[in-house]
Amino acid sequence: MSIRVQSWVNLSTNIAQARVKRLVNLGLADSTCTPTERITQLKSRIHEDDRTFRELELFFAALGDSTRLKILKLIADEELCSCEFMAALELTQPTTSHHLGILERAGLLSSRRNGKWVFYKIANSTVKGMVAKGFSLIEEYHS
């Protein structure tokens, strides 16, 4: 990081710390502790390593595309071959493989090969329940 960028980061951090101090002193944030303790409390909530956050980022990014959500809806109740996704969604083979790969890397799908055929299914019952719950929440919201 360049000196100029580091200076900017330090200035920004100092401003943020001063704002937290004002929040605490005005009683608008947890006033049972000092501003420094408050910042330490907040930092402790995100103590996981960066790998955990990268994996969560992959997980949520995989869910952030309507084509991938359609794939999850199609596969909710049965194992499907990649060609079935292509036909149902009118996608090319490279596009289908791209989306299936993202879902698989995110841990949402698992695959098995049978000769030249590749079959996909929901990775586990937890993922299956989560997908079903997501769709039911949306249906409930719109009813």
# chains A, B, ... in the order shown; residues from 1 in each chain; ligands from 1
$ select_by_dssp --residues "region 74-142 of chain A" --states "alpha helix (DSSP H)" --output "PyMOL selection string"
chain A and resi 74-75+82-89+93-105+125-142
$ write_last_selection --atoms "N, CA and C atoms" --output "CSV table (one decimal), in the first residue's frame"
chain,number,residue,atom,x,y,z
A,74,LEU,N,-35.1,-26.2,-10.5
A,74,LEU,CA,-35.2,-27.4,-11.3
A,74,LEU,C,-34.7,-28.6,-10.5
A,75,ILE,N,-33.6,-28.5,-9.8
A,75,ILE,CA,-32.9,-29.6,-9.2
A,75,ILE,C,-33.4,-29.9,-7.8
A,82,SER,N,-26.7,-32.4,-17.0
A,82,SER,CA,-26.5,-31.0,-17.5
A,82,SER,C,-27.2,-30.7,-18.7
A,83,CYS,N,-27.4,-31.7,-19.6
A,83,CYS,CA,-28.2,-31.4,-20.8
A,83,CYS,C,-29.7,-31.1,-20.5
A,84,GLU,N,-30.2,-31.6,-19.4
A,84,GLU,CA,-31.6,-31.2,-19.1
A,84,GLU,C,-31.7,-29.8,-18.7
A,85,PHE,N,-30.7,-29.2,-18.0
A,85,PHE,CA,-30.7,-27.8,-17.7
A,85,PHE,C,-30.6,-27.0,-19.0
A,86,MET,N,-29.7,-27.4,-19.9
A,86,MET,CA,-29.6,-26.7,-21.2
A,86,MET,C,-30.9,-26.7,-21.9
A,87,ALA,N,-31.7,-27.8,-22.0
A,87,ALA,CA,-32.9,-27.8,-22.7
A,87,ALA,C,-34.0,-27.0,-22.0
A,88,ALA,N,-34.1,-27.2,-20.6
A,88,ALA,CA,-35.2,-26.5,-19.9
A,88,ALA,C,-35.0,-25.0,-19.9
A,89,LEU,N,-33.7,-24.5,-19.8
A,89,LEU,CA,-33.4,-23.1,-19.7
A,89,LEU,C,-33.0,-22.5,-21.0
A,93,GLN,N,-24.2,-25.0,-23.9
A,93,GLN,CA,-23.4,-25.9,-23.1
A,93,GLN,C,-22.4,-25.1,-22.2
A,94,PRO,N,-21.6,-24.1,-22.8
A,94,PRO,CA,-20.7,-23.4,-22.0
A,94,PRO,C,-21.3,-22.5,-20.9
A,95,THR,N,-22.5,-21.9,-21.2
A,95,THR,CA,-23.2,-21.1,-20.2
A,95,THR,C,-23.7,-22.0,-19.1
A,96,THR,N,-24.3,-23.1,-19.5
A,96,THR,CA,-24.8,-24.1,-18.5
A,96,THR,C,-23.6,-24.6,-17.6
A,97,SER,N,-22.5,-24.9,-18.2
A,97,SER,CA,-21.3,-25.4,-17.4
A,97,SER,C,-20.8,-24.3,-16.4
A,98,HIS,N,-20.8,-23.1,-16.9
A,98,HIS,CA,-20.4,-21.9,-16.1
A,98,HIS,C,-21.2,-21.8,-14.9
A,99,HIS,N,-22.5,-21.8,-15.0
A,99,HIS,CA,-23.5,-21.6,-13.9
A,99,HIS,C,-23.4,-22.8,-13.0
A,100,LEU,N,-23.3,-24.0,-13.5
A,100,LEU,CA,-23.2,-25.2,-12.7
A,100,LEU,C,-21.9,-25.2,-11.9
A,101,GLY,N,-20.9,-24.8,-12.5
A,101,GLY,CA,-19.6,-24.7,-11.8
A,101,GLY,C,-19.6,-23.8,-10.6
A,102,ILE,N,-20.2,-22.6,-10.8
A,102,ILE,CA,-20.3,-21.6,-9.7
A,102,ILE,C,-21.1,-22.2,-8.6
A,103,LEU,N,-22.2,-22.9,-8.9
A,103,LEU,CA,-23.0,-23.5,-7.8
A,103,LEU,C,-22.3,-24.6,-7.1
A,104,GLU,N,-21.5,-25.4,-7.9
A,104,GLU,CA,-20.7,-26.5,-7.3
A,104,GLU,C,-19.6,-25.9,-6.4
A,105,ARG,N,-18.9,-24.9,-6.9
A,105,ARG,CA,-17.8,-24.3,-6.1
A,105,ARG,C,-18.3,-23.7,-4.8
A,125,SER,N,-29.0,-32.0,2.5
A,125,SER,CA,-30.3,-31.7,3.0
A,125,SER,C,-30.4,-30.3,3.5
A,126,THR,N,-29.3,-29.8,4.1
A,126,THR,CA,-29.3,-28.4,4.6
A,126,THR,C,-29.5,-27.4,3.5
A,127,VAL,N,-28.8,-27.6,2.4
A,127,VAL,CA,-28.9,-26.7,1.2
A,127,VAL,C,-30.3,-26.9,0.6
A,128,LYS,N,-30.8,-28.1,0.5
A,128,LYS,CA,-32.1,-28.3,0.0
A,128,LYS,C,-33.2,-27.6,0.8
A,129,GLY,N,-33.1,-27.6,2.1
A,129,GLY,CA,-34.0,-26.9,3.0
A,129,GLY,C,-33.9,-25.4,2.8
A,130,MET,N,-32.7,-24.9,2.7
A,130,MET,CA,-32.5,-23.5,2.6
A,130,MET,C,-33.1,-23.0,1.3
A,131,VAL,N,-32.8,-23.7,0.2
A,131,VAL,CA,-33.4,-23.3,-1.1
A,131,VAL,C,-34.9,-23.3,-1.0
A,132,ALA,N,-35.5,-24.4,-0.5
A,132,ALA,CA,-37.0,-24.5,-0.4
A,132,ALA,C,-37.5,-23.3,0.5
A,133,LYS,N,-36.8,-23.0,1.6
A,133,LYS,CA,-37.3,-21.9,2.5
A,133,LYS,C,-37.2,-20.6,1.7
A,134,GLY,N,-36.1,-20.4,1.0
A,134,GLY,CA,-36.0,-19.1,0.2
A,134,GLY,C,-37.1,-18.9,-0.8
A,135,PHE,N,-37.5,-20.0,-1.5
A,135,PHE,CA,-38.6,-19.8,-2.4
A,135,PHE,C,-39.9,-19.7,-1.7
A,136,SER,N,-40.1,-20.3,-0.6
A,136,SER,CA,-41.4,-20.2,0.1
A,136,SER,C,-41.5,-18.8,0.8
A,137,LEU,N,-40.4,-18.2,1.2
A,137,LEU,CA,-40.4,-16.8,1.7
A,137,LEU,C,-40.8,-15.8,0.7
A,138,ILE,N,-40.3,-16.0,-0.5
A,138,ILE,CA,-40.7,-15.1,-1.6
A,138,ILE,C,-42.2,-15.3,-2.0
A,139,GLU,N,-42.6,-16.5,-2.1
A,139,GLU,CA,-44.0,-16.8,-2.4
A,139,GLU,C,-44.9,-16.2,-1.3
A,140,GLU,N,-44.5,-16.3,-0.1
A,140,GLU,CA,-45.3,-15.8,1.1
A,140,GLU,C,-45.3,-14.3,1.0
A,141,TYR,N,-44.2,-13.7,0.6
A,141,TYR,CA,-44.1,-12.2,0.6
A,141,TYR,C,-45.1,-11.6,-0.5
A,142,HIS,N,-45.2,-12.4,-1.6
A,142,HIS,CA,-46.1,-11.9,-2.7
A,142,HIS,C,-47.5,-12.3,-2.6
$ closest_residue --among "A:Leu109, A:Ala123, A:Leu58, A:Val20" --to "Leu42 (chain A)" --atoms "only C-alpha atoms"
A:Val20
$ atom_distance --atom1 "CA of Glu57 (chain A)" --atom2 "CA of Ser110 (chain A)"
18.8 Å
$ select_by_dssp --residues "chain A" --states "strand (DSSP E or B)" --output "list in words"
Leu80, Cys81, Leu109, Ser110, Ser111, Arg112, Arg113, Asn114, Trp117, Val118, Phe119, Tyr120, Lys121 and Ile122 of chain A
$ atom_distance --atom1 "CA of Ile39 (chain A)" --atom2 "CA of Ala61 (chain A)"
29.0 Å
$ closest_residue --among "A:Ala29, A:Ser143, A:Leu108, A:Leu11" --to "Leu69 (chain A)" --atoms "only C-alpha atoms"
A:Leu108
$ atom_distance --atom1 "CA of Ile71 (chain A)" --atom2 "CA of Leu56 (chain A)"
19.7 Å
$ residues_around --residues "region 33-36 of chain A" --least-positions-apart "6" --cutoff "8 Å" --atoms "only C-alpha atoms" --output "list of chain:residue names"
A:Gln17, A:Val20, A:Lys21, A:Val24
